[in-house]
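Peer 1: upload-v1.cif is reproduced below (mmCIF, C-alpha atoms).
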data_my_file
loop_
_atom_site.group_PDB
_atom_site.id
_atom_site.type_symbol
_atom_site.label_atom_id
_atom_site.label_comp_id
_atom_site.auth_asym_id
_atom_site.auth_seq_id
_atom_site.Cartn_x
_atom_site.Cartn_y
_atom_site.Cartn_z
ATOM 1 C CA ASP A 29 89.406 6.383 -69.890
ATOM 2 C CA ARG A 30 87.577 4.564 -72.677
ATOM 3 C CA ALA A 31 90.298 1.920 -73.058
ATOM 4 C CA SER A 32 91.013 1.441 -69.343
ATOM 5 C CA ARG A 33 87.887 -0.709 -68.805
ATOM 6 C CA TRP A 34 89.398 -3.448 -70.988
ATOM 7 C CA VAL A 35 92.795 -3.504 -69.261
ATOM 8 C CA VAL A 36 93.134 -6.309 -66.697
ATOM 9 C CA ALA A 37 95.729 -7.343 -64.124
ATOM 10 C CA ILE A 38 96.949 -10.951 -64.218
ATOM 11 C CA GLN A 39 98.500 -12.653 -61.210
ATOM 12 C CA VAL A 40 100.654 -15.586 -62.351
ATOM 13 C CA GLU A 41 101.780 -18.232 -59.883
ATOM 14 C CA ARG A 42 104.392 -20.603 -61.283
ATOM 15 C CA GLU A 43 105.601 -24.055 -60.375
ATOM 16 C CA LYS A 44 108.719 -23.306 -62.404
ATOM 17 C CA ASP A 45 109.868 -20.210 -64.281
ATOM 18 C CA LEU A 46 111.446 -20.112 -67.702
ATOM 19 C CA PRO A 47 114.753 -21.873 -68.204
ATOM 20 C CA PRO A 48 117.752 -19.514 -68.455
ATOM 21 C CA SER A 49 118.069 -17.727 -71.762
ATOM 22 C CA PRO A 50 120.650 -19.133 -74.177
ATOM 23 C CA PHE A 51 121.799 -15.521 -74.546
ATOM 24 C CA GLN A 52 122.471 -15.123 -70.811
ATOM 25 C CA PRO A 53 126.194 -14.768 -70.116
ATOM 26 C CA ARG A 54 127.751 -17.824 -68.470
ATOM 27 C CA ARG A 55 129.416 -15.786 -65.748
ATOM 28 C CA ILE A 56 127.049 -13.275 -64.304
ATOM 29 C CA SER A 57 126.915 -11.484 -60.959
ATOM 30 C CA PRO A 58 123.993 -12.071 -58.571
ATOM 31 C CA GLU A 59 122.821 -8.526 -59.322
ATOM 32 C CA GLY A 60 122.945 -9.236 -63.062
ATOM 33 C CA ARG A 61 120.932 -12.456 -62.646
ATOM 34 C CA SER A 62 117.961 -10.432 -61.414
ATOM 35 C CA ALA A 63 117.642 -8.918 -64.898
ATOM 36 C CA TYR A 64 116.693 -12.394 -66.167
ATOM 37 C CA GLN A 65 114.147 -13.119 -63.411
ATOM 38 C CA ARG A 66 110.565 -11.946 -63.343
ATOM 39 C CA PRO A 67 109.616 -9.755 -60.403
ATOM 40 C CA ALA A 68 106.680 -10.646 -58.159
ATOM 41 C CA GLY A 69 103.415 -8.899 -58.910
ATOM 42 C CA CYS A 70 100.843 -8.550 -61.613
ATOM 43 C CA VAL A 71 101.212 -8.279 -65.354
ATOM 44 C CA SER A 72 98.601 -6.907 -67.737
ATOM 45 C CA GLY A 73 96.275 -8.041 -70.484
ATOM 46 C CA ILE A 74 93.208 -6.966 -72.407
ATOM 47 C CA LEU A 75 89.687 -8.318 -71.924
ATOM 48 C CA LEU A 76 88.365 -9.167 -75.386
ATOM 49 C CA ASP A 77 84.699 -9.925 -74.720
ATOM 50 C CA GLY A 78 81.944 -10.756 -72.240
ATOM 51 C CA GLU A 79 82.855 -14.442 -72.472
ATOM 52 C CA GLY A 80 86.041 -13.778 -70.500
ATOM 53 C CA ASN A 81 88.723 -14.125 -73.190
ATOM 54 C CA VAL A 82 91.889 -12.225 -72.279
ATOM 55 C CA LEU A 83 94.847 -11.532 -74.562
ATOM 56 C CA THR A 84 98.290 -11.038 -73.022
ATOM 57 C CA SER A 85 101.976 -11.548 -73.755
ATOM 58 C CA HIS A 86 103.265 -15.135 -73.964
ATOM 59 C CA TYR A 87 106.224 -14.046 -71.836
ATOM 60 C CA ASN A 88 103.775 -13.356 -68.994
ATOM 61 C CA VAL A 89 102.536 -16.947 -68.873
ATOM 62 C CA ALA A 90 105.592 -18.940 -69.992
ATOM 63 C CA GLY A 91 106.927 -21.617 -67.663
ATOM 64 C CA GLN A 92 104.973 -24.125 -65.606
ATOM 65 C CA ILE A 93 101.842 -22.347 -64.412
ATOM 66 C CA LYS A 94 100.333 -23.210 -61.051
ATOM 67 C CA SER A 95 97.454 -20.710 -61.203
ATOM 68 C CA LEU A 96 96.239 -17.616 -63.025
ATOM 69 C CA ARG A 97 93.972 -14.942 -61.556
ATOM 70 C CA VAL A 98 92.561 -12.046 -63.561
ATOM 71 C CA THR A 99 91.391 -8.809 -61.933
ATOM 72 C CA LEU A 100 89.024 -6.713 -64.048
ATOM 73 C CA ALA A 101 88.767 -2.920 -64.046
ATOM 74 C CA THR A 102 85.731 -3.317 -61.755
ATOM 75 C CA GLY A 103 87.930 -5.006 -59.129
ATOM 76 C CA ALA A 104 86.292 -8.428 -59.592
ATOM 77 C CA THR A 105 88.870 -11.241 -59.564
ATOM 78 C CA PHE A 106 88.491 -14.621 -61.287
ATOM 79 C CA ALA A 107 90.577 -17.743 -61.801
ATOM 80 C CA ALA A 108 91.655 -18.210 -65.420
ATOM 81 C CA THR A 109 93.150 -20.887 -67.663
ATOM 82 C CA LEU A 110 95.645 -20.698 -70.494
ATOM 83 C CA VAL A 111 93.846 -21.573 -73.753
ATOM 84 C CA ALA A 112 96.504 -20.956 -76.413
ATOM 85 C CA ALA A 113 99.934 -19.396 -76.830
ATOM 86 C CA SER A 114 102.206 -18.278 -79.641
ATOM 87 C CA PRO A 115 105.792 -17.802 -78.420
ATOM 88 C CA GLN A 116 106.823 -16.541 -81.869
ATOM 89 C CA ASP A 117 104.264 -13.723 -81.756
ATOM 90 C CA ASP A 118 104.587 -13.280 -77.960
ATOM 91 C CA ALA A 119 100.817 -13.695 -77.539
ATOM 92 C CA ALA A 120 98.695 -15.839 -75.242
ATOM 93 C CA LEU A 121 94.946 -16.305 -74.825
ATOM 94 C CA LEU A 122 93.469 -16.851 -71.358
ATOM 95 C CA ARG A 123 89.870 -17.606 -70.444
ATOM 96 C CA ILE A 124 88.319 -16.395 -67.231
ATOM 97 C CA GLU A 125 86.504 -19.123 -65.283
ATOM 98 C CA ARG A 126 83.299 -17.173 -64.809
ATOM 99 C CA GLY A 127 80.927 -20.010 -63.892
ATOM 100 C CA GLY A 128 78.520 -19.210 -66.740
ATOM 101 C CA ALA A 129 77.976 -15.609 -65.680
ATOM 102 C CA SER A 130 78.335 -13.036 -68.435
ATOM 103 C CA LEU A 131 80.780 -10.222 -67.886
ATOM 104 C CA ASP A 132 79.177 -6.854 -68.474
ATOM 105 C CA VAL A 133 81.676 -5.455 -70.966
ATOM 106 C CA SER A 134 81.555 -4.454 -74.590
ATOM 107 C CA PRO A 135 84.422 -5.543 -76.858
ATOM 108 C CA PRO A 136 87.369 -3.165 -77.148
ATOM 109 C CA LEU A 137 87.538 -0.705 -80.000
ATOM 110 C CA TRP A 138 90.269 -1.733 -82.442
ATOM 111 C CA ALA A 139 92.095 0.608 -84.768
ATOM 112 C CA ASP A 140 91.942 -0.449 -88.397
ATOM 113 C CA PRO A 141 95.198 -2.248 -89.248
ATOM 114 C CA ALA A 142 95.328 -0.321 -92.510
ATOM 115 C CA SER A 143 93.178 1.736 -94.784
ATOM 116 C CA PRO A 144 92.822 -0.494 -97.824
ATOM 117 C CA PRO A 145 92.889 1.002 -101.303
ATOM 118 C CA GLY A 146 89.484 2.389 -102.188
ATOM 119 C CA SER A 147 88.634 3.314 -98.582
ATOM 120 C CA PRO A 148 86.271 6.281 -98.314
ATOM 121 C CA PRO A 149 87.939 9.680 -97.960
ATOM 122 C CA GLY A 150 88.578 10.532 -94.333
ATOM 123 C CA SER A 151 88.993 6.886 -93.253
ATOM 124 C CA PRO A 152 91.422 6.650 -90.359
ATOM 125 C CA PRO A 153 94.857 5.555 -91.506
ATOM 126 C CA GLY A 154 96.354 2.333 -90.208
ATOM 127 C CA PRO A 155 99.198 2.440 -87.700
ATOM 128 C CA ARG A 156 102.172 4.391 -88.997
ATOM 129 C CA ALA A 157 105.653 5.368 -87.873
ATOM 130 C CA GLY A 158 105.532 8.547 -85.806
ATOM 131 C CA GLN A 159 101.999 7.944 -84.509
ATOM 132 C CA ILE A 160 101.519 8.714 -80.804
ATOM 133 C CA ILE A 161 100.422 5.714 -78.747
ATOM 134 C CA PHE A 162 99.994 4.834 -75.088
ATOM 135 C CA ALA A 163 100.982 1.587 -73.351
ATOM 136 C CA LEU A 164 98.372 0.686 -70.722
ATOM 137 C CA GLY A 165 98.697 -1.656 -67.756
ATOM 138 C CA ARG A 166 97.331 -2.451 -64.296
ATOM 139 C CA SER A 167 100.378 -3.075 -62.166
ATOM 140 C CA PRO A 168 101.702 -2.821 -59.512
ATOM 141 C CA ASP A 169 98.207 -1.825 -58.262
ATOM 142 C CA PRO A 170 95.427 -3.677 -60.149
ATOM 143 C CA GLU A 171 92.923 -0.989 -59.111
ATOM 144 C CA ARG A 172 94.746 1.761 -61.006
ATOM 145 C CA ILE A 173 95.643 2.118 -64.648
ATOM 146 C CA THR A 174 99.230 2.901 -65.637
ATOM 147 C CA VAL A 175 100.015 4.805 -68.807
ATOM 148 C CA THR A 176 103.253 5.466 -70.667
ATOM 149 C CA ARG A 177 103.447 7.471 -73.873
ATOM 150 C CA GLY A 178 105.501 6.884 -76.975
ATOM 151 C CA ILE A 179 105.409 6.720 -80.731
ATOM 152 C CA ILE A 180 105.304 3.882 -83.190
ATOM 153 C CA SER A 181 108.920 3.703 -84.330
ATOM 154 C CA ALA A 182 108.361 1.188 -87.145
ATOM 155 C CA ILE A 183 105.656 -1.067 -88.540
ATOM 156 C CA GLY A 184 105.943 -4.486 -90.130
ATOM 157 C CA ARG A 185 108.406 -6.059 -87.678
ATOM 158 C CA ASN A 186 108.463 -9.845 -87.040
ATOM 159 C CA GLY A 187 107.300 -10.769 -90.516
ATOM 160 C CA GLY A 188 104.753 -7.968 -90.658
ATOM 161 C CA ARG A 189 102.990 -8.993 -87.423
ATOM 162 C CA ALA A 190 104.455 -6.487 -84.962
ATOM 163 C CA LEU A 191 105.046 -2.807 -84.318
ATOM 164 C CA GLN A 192 108.128 -1.238 -82.773
ATOM 165 C CA THR A 193 107.665 1.513 -80.203
ATOM 166 C CA ASP A 194 109.721 3.746 -77.961
ATOM 167 C CA ALA A 195 107.004 3.754 -75.240
ATOM 168 C CA GLU A 196 108.513 2.766 -71.909
ATOM 169 C CA LEU A 197 107.656 -0.860 -71.248
ATOM 170 C CA ASN A 198 107.989 -2.612 -67.919
ATOM 171 C CA TYR A 199 106.870 -5.805 -66.241
ATOM 172 C CA GLY A 200 103.633 -4.177 -65.075
ATOM 173 C CA ASN A 201 102.327 -3.089 -68.470
ATOM 174 C CA SER A 202 103.732 -6.118 -70.307
ATOM 175 C CA GLY A 203 100.848 -7.737 -72.179
ATOM 176 C CA GLY A 204 98.605 -4.696 -71.942
ATOM 177 C CA PRO A 205 97.329 -2.889 -75.018
ATOM 178 C CA PHE A 206 98.796 -0.026 -76.987
ATOM 179 C CA VAL A 207 96.082 2.495 -77.812
ATOM 180 C CA ASP A 208 95.912 5.509 -80.098
ATOM 181 C CA LEU A 209 94.723 9.016 -79.197
ATOM 182 C CA ASP A 210 91.099 7.892 -79.671
ATOM 183 C CA GLY A 211 91.450 4.972 -77.234
ATOM 184 C CA ARG A 212 91.401 2.345 -79.990
ATOM 185 C CA VAL A 213 93.638 -0.706 -79.549
ATOM 186 C CA VAL A 214 96.554 -0.579 -82.009
ATOM 187 C CA ALA A 215 98.604 -3.538 -80.755
ATOM 188 C CA LEU A 216 99.379 -5.735 -77.764
#
As C-alpha coordinates - that is how I would like this structure written.

Peer 2:
Amino acid sequence: DRASRWVVAIQVEREKDLPPSPFQPRRISPEGRSAYQRPAGCVSGILLDGEGNVLTSHYNVAGQIKSLRVTLATGATFAATLVAASPQDDAALLRIERGGASLDVSPPLWADPASPPGSPPGSPPGPRAGQIIFALGRSPDPERITVTRGIISAIGRNGGRALQTDAELNYGNSGGPFVDLDGRVVAL
(Lines of atoms letter the chains of each structure in order from A and count residues from 1; the text may use other names and numbers.)
(Lines give C-alpha, C1' and ligand atoms only; values in the text may rest on other atoms or scores of the structure.)
Protein backbone atom coordinates (compact mmCIF):
# COMPACT_ATOMS: atom_id res chain seq x y z
CA ASP A 1 0.00 0.00 0.00
CA ARG A 2 2.77 2.42 0.92
CA ALA A 3 4.52 2.07 -2.45
CA SER A 4 1.38 2.04 -4.61
CA ARG A 5 0.91 5.84 -4.35
CA TRP A 6 4.11 6.37 -6.36
CA VAL A 7 3.23 3.93 -9.15
CA VAL A 8 1.81 5.64 -12.25
CA ALA A 9 0.29 4.49 -15.54
CA ILE A 10 1.76 5.92 -18.75
CA GLN A 11 -0.17 6.02 -22.00
CA VAL A 12 2.26 6.24 -24.94
CA GLU A 13 1.04 7.25 -28.38
CA ARG A 14 3.63 6.75 -31.12
CA GLU A 15 4.12 8.14 -34.58
CA LYS A 16 6.41 5.19 -35.25
CA ASP A 17 7.41 2.20 -33.13
CA LEU A 18 10.88 0.76 -32.77
CA PRO A 19 12.58 -0.61 -35.85
CA PRO A 20 12.70 -4.43 -35.99
CA SER A 21 15.26 -6.01 -33.72
CA PRO A 22 18.48 -7.17 -35.39
CA PHE A 23 17.92 -10.42 -33.48
CA GLN A 24 14.48 -10.99 -35.02
CA PRO A 25 14.49 -13.99 -37.35
CA ARG A 26 14.25 -13.09 -41.03
CA ARG A 27 11.44 -15.54 -41.68
CA ILE A 28 8.82 -15.31 -39.02
CA SER A 29 5.13 -16.20 -38.95
CA PRO A 30 2.49 -13.49 -38.43
CA GLU A 31 1.83 -14.96 -34.98
CA GLY A 32 5.55 -14.78 -34.15
CA ARG A 33 5.76 -11.14 -35.27
CA SER A 34 3.36 -10.15 -32.49
CA ALA A 35 6.05 -11.08 -29.95
CA TYR A 36 8.12 -8.16 -31.28
CA GLN A 37 5.27 -5.62 -31.23
CA ARG A 38 4.09 -3.67 -28.22
CA PRO A 39 0.48 -4.23 -27.22
CA ALA A 40 -1.93 -1.31 -26.84
CA GLY A 41 -2.46 -0.03 -23.33
CA CYS A 42 -0.60 1.55 -20.48
CA VAL A 43 2.86 0.89 -19.13
CA SER A 44 4.09 1.84 -15.67
CA GLY A 45 6.51 4.20 -13.98
CA ILE A 46 7.32 5.71 -10.62
CA LEU A 47 6.57 9.28 -9.54
CA LEU A 48 9.77 10.65 -8.02
CA ASP A 49 8.63 13.95 -6.51
CA GLY A 50 6.02 16.71 -6.29
CA GLU A 51 7.58 18.41 -9.31
CA GLY A 52 6.21 15.68 -11.57
CA ASN A 53 9.37 13.73 -12.47
CA VAL A 54 8.58 10.15 -13.47
CA LEU A 55 11.09 7.34 -13.98
CA THR A 56 10.22 4.50 -16.35
CA SER A 57 11.83 2.01 -18.72
CA HIS A 58 13.42 3.37 -21.92
CA TYR A 59 11.72 0.53 -23.80
CA ASN A 60 8.36 2.08 -22.86
CA VAL A 61 9.12 5.37 -24.61
CA ALA A 62 11.42 4.30 -27.47
CA GLY A 63 10.38 5.16 -31.01
CA GLN A 64 8.86 8.39 -32.29
CA ILE A 65 6.54 9.65 -29.57
CA LYS A 66 3.39 11.53 -30.48
CA SER A 67 2.15 12.07 -26.91
CA LEU A 68 2.61 10.87 -23.34
CA ARG A 69 -0.06 10.91 -20.64
CA VAL A 70 0.59 9.98 -17.02
CA THR A 71 -2.18 8.84 -14.67
CA LEU A 72 -1.37 9.15 -10.96
CA ALA A 73 -2.62 6.86 -8.19
CA THR A 74 -5.25 9.54 -7.43
CA GLY A 75 -6.69 9.12 -10.94
CA ALA A 76 -5.53 12.57 -12.11
CA THR A 77 -4.13 12.46 -15.66
CA PHE A 78 -1.55 14.86 -17.11
CA ALA A 79 0.34 15.29 -20.37
CA ALA A 80 4.06 14.59 -20.01
CA THR A 81 7.29 15.10 -21.94
CA LEU A 82 10.37 12.94 -22.31
CA VAL A 83 13.29 14.70 -20.58
CA ALA A 84 16.11 12.15 -20.81
CA ALA A 85 16.72 8.51 -21.71
CA SER A 86 19.45 5.92 -21.31
CA PRO A 87 18.91 2.96 -23.66
CA GLN A 88 21.92 1.18 -22.15
CA ASP A 89 20.40 1.28 -18.66
CA ASP A 90 16.81 0.95 -19.97
CA ALA A 91 15.77 4.09 -18.07
CA ALA A 92 13.87 7.21 -19.09
CA LEU A 93 12.86 10.37 -17.23
CA LEU A 94 9.51 12.03 -17.98
CA ARG A 95 8.15 15.29 -16.61
CA ILE A 96 4.48 15.83 -16.01
CA GLU A 97 3.15 19.09 -17.49
CA ARG A 98 1.44 20.26 -14.33
CA GLY A 99 0.99 23.96 -15.15
CA GLY A 100 2.87 25.10 -12.04
CA ALA A 101 0.65 23.22 -9.62
CA SER A 102 2.46 21.12 -7.04
CA LEU A 103 1.58 17.47 -6.83
CA ASP A 104 0.73 16.45 -3.29
CA VAL A 105 3.12 13.51 -2.95
CA SER A 106 6.13 12.76 -0.83
CA PRO A 107 9.17 11.19 -2.52
CA PRO A 108 9.30 7.39 -2.60
CA LEU A 109 11.21 5.51 0.05
CA TRP A 110 14.36 3.99 -1.44
CA ALA A 111 16.16 0.96 -0.10
CA ASP A 112 19.82 1.57 0.62
CA PRO A 113 21.85 0.24 -2.32
CA ALA A 114 24.29 -1.29 0.14
CA SER A 115 25.30 -1.12 3.74
CA PRO A 116 28.75 0.44 3.56
CA PRO A 117 31.51 -0.77 5.85
CA GLY A 118 31.19 0.85 9.25
CA SER A 119 27.38 1.08 9.07
CA PRO A 120 25.71 0.94 12.48
CA PRO A 121 24.66 -2.52 13.66
CA GLY A 122 21.16 -3.37 12.49
CA SER A 123 21.40 -1.24 9.32
CA PRO A 124 19.29 -2.77 6.57
CA PRO A 125 21.41 -4.71 4.11
CA GLY A 126 21.54 -3.67 0.47
CA PRO A 127 19.77 -5.76 -2.16
CA ARG A 128 20.97 -9.35 -2.18
CA ALA A 129 20.35 -12.56 -4.09
CA GLY A 130 17.41 -14.43 -2.59
CA GLN A 131 15.66 -11.30 -1.30
CA ILE A 132 11.89 -11.25 -1.85
CA ILE A 133 10.70 -8.35 -4.00
CA PHE A 134 7.50 -7.26 -5.71
CA ALA A 135 7.12 -5.80 -9.21
CA LEU A 136 4.42 -3.10 -9.19
CA GLY A 137 2.48 -1.66 -12.11
CA ARG A 138 -0.76 0.07 -13.10
CA SER A 139 -1.90 -1.71 -16.22
CA PRO A 140 -4.17 -2.73 -17.85
CA ASP A 141 -6.36 -0.68 -15.46
CA PRO A 142 -4.61 2.53 -14.31
CA GLU A 143 -6.94 2.72 -11.29
CA ARG A 144 -5.67 -0.55 -9.82
CA ILE A 145 -2.22 -1.65 -8.77
CA THR A 146 -0.81 -4.93 -10.09
CA VAL A 147 1.69 -6.93 -8.08
CA THR A 148 3.88 -9.90 -8.95
CA ARG A 149 6.26 -11.53 -6.49
CA GLY A 150 9.74 -12.86 -7.01
CA ILE A 151 13.26 -12.88 -5.67
CA ILE A 152 16.40 -11.08 -6.64
CA SER A 153 18.27 -13.75 -8.58
CA ALA A 154 21.55 -11.84 -8.92
CA ILE A 155 22.99 -8.39 -8.27
CA GLY A 156 25.60 -6.46 -10.21
CA ARG A 157 24.33 -7.17 -13.74
CA ASN A 158 24.94 -4.70 -16.62
CA GLY A 159 28.21 -3.40 -15.24
CA GLY A 160 26.94 -3.32 -11.67
CA ARG A 161 23.89 -1.14 -12.49
CA ALA A 162 21.13 -3.76 -12.59
CA LEU A 163 19.50 -6.57 -10.67
CA GLN A 164 18.21 -9.85 -12.08
CA THR A 165 14.87 -11.16 -10.85
CA ASP A 166 12.52 -14.05 -11.43
CA ALA A 167 9.43 -11.86 -10.75
CA GLU A 168 6.97 -12.18 -13.61
CA LEU A 169 7.32 -9.13 -15.82
CA ASN A 170 4.86 -8.06 -18.48
CA TYR A 171 4.08 -5.04 -20.61
CA GLY A 172 1.81 -3.60 -17.91
CA ASN A 173 4.34 -3.50 -15.08
CA SER A 174 7.29 -2.68 -17.36
CA GLY A 175 8.94 0.45 -15.98
CA GLY A 176 7.29 0.18 -12.58
CA PRO A 177 9.31 -0.20 -9.40
CA PHE A 178 10.54 -3.28 -7.60
CA VAL A 179 9.95 -2.92 -3.87
CA ASP A 180 11.08 -4.88 -0.84
CA LEU A 181 8.90 -6.23 1.98
CA ASP A 182 8.94 -2.78 3.64
CA GLY A 183 7.67 -1.01 0.50
CA ARG A 184 11.04 0.60 -0.25
CA VAL A 185 12.05 0.92 -3.91
CA VAL A 186 14.90 -1.49 -4.72
CA ALA A 187 15.09 -1.04 -8.50
CA LEU A 188 13.17 -0.04 -11.61

Peer 1: Could you check which of A:Gly211, A:Gly154, A:Pro135, A:Gly200 is closest to Leu76 in chain A, using only C-alpha atoms?

Peer 2: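 Ranking A:Gly211, A:Gly154, A:Pro135, A:Gly200 by distance to Leu76 in chain A, first place goes to A:Pro135.
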
Peer 1: Using the chain letters and numbers from the file, which residues does the PyMOL selection byres ((chain A and resi 70) around 9) grab, as a ChimeraX atom specification?

Peer 2: /A:37-40,67-69,71-72,166-170,199-201

Peer 1: Pull out every residue that the PyMOL selection byres ((chain A and resi 32-36) around 7) matches in the shown coordinates and put them as a VMD selection string.

Peer 2: chain A and resid 29 to 31 37 to 38 72 to 75 98 to 101 136 165 to 166 173 204

Peer 1: Using only C-alpha atoms, which of the listed residues (A:Asp140, A:Glu171, A:Asp117, A:Asp210) sits closest to Gly188 in chain A?

Peer 2: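 Checking each candidate against Gly188 in chain A, we get A:Asp117 as the closest.
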
Peer 1: Taking all atoms listed in the file into account, which of A:Glu79, A:Ile179, A:Arg172, A:Thr84 comes nearest Ser130 in chain A?

Peer 2: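 The closest residue to Ser130 in chain A is A:Glu79.
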
Peer 1: From the set A:Lys94, A:Arg123, A:His86, A:Arg156, which residue has the shortest atom-to-atom contact distance to Thr193 in chain A, counting all atoms listed in the file?

Peer 2: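 Looking only at the distances to Thr193 in chain A, the closest residue turns out to be A:Arg156.
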
Peer 1: Skip Ala107 in chain A itself and residues of its chain fewer than 4 positions away, then list as a PyMOL selection string all residues within 6 Å of it, counting all atoms listed in the file.

Peer 2: chain A and resi 96-97+125

Peer 1: Got a sec: who's within 8 Å of Ala157 in chain A, counting all atoms listed in the file, leaving out chain neighbours fewer than 2 positions off, as an MDAnalysis selection string?

Peer 2: chainID A and resid 155 159 179:183

Peer 1: At what distance in Å, to one decimal, does CA of Arg212 in chain A lie from CA of Ile124 in chain A?

Peer 2: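 Going from CA of Ile124 in chain A over to CA of Arg212 in chain A, I get 22.9 Å.
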
Peer 1: For Leu197 in chain A, list every protein, DNA or RNA residue within 10 Å, evaluated using all atoms listed in the file, and leave out those in the same chain fewer than 6 positions away; present the list as a list in words.

Peer 2: Ala163, Leu164, Gly165, Val175, Thr176, Arg177, Gly178, Gly203 and Gly204 of chain A

Peer 1: Just so the selection is clear, what residues does the PyMOL selection byres ((chain A and resi 91) around 10) cover here, as a ChimeraX atom specification?

Peer 2: /A:41-47,86-90,92-94

Peer 1: Expressed in Å to a single decimal, how great is the separation between CA of Val213 in chain A and CA of Ser95 in chain A?

Peer 2: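 Atom-to-atom, CA of Val213 in chain A to CA of Ser95 in chain A, that is 27.4 Å.
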
Peer 1: To one decimal place in Å, what is the distance between CA of Ala104 in chain A and CA of Thr174 in chain A?

Peer 2: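 These atoms are spaced 18.2 Å apart.
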
Peer 1: For a quick check of understanding, using only C-alpha atoms, which of A:Val207, A:Ala108, A:Leu216, A:Leu131 has the smallest distance to Ile161 in chain A?

Peer 2: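 Distance minimum relative to Ile161 in chain A lands on A:Val207.
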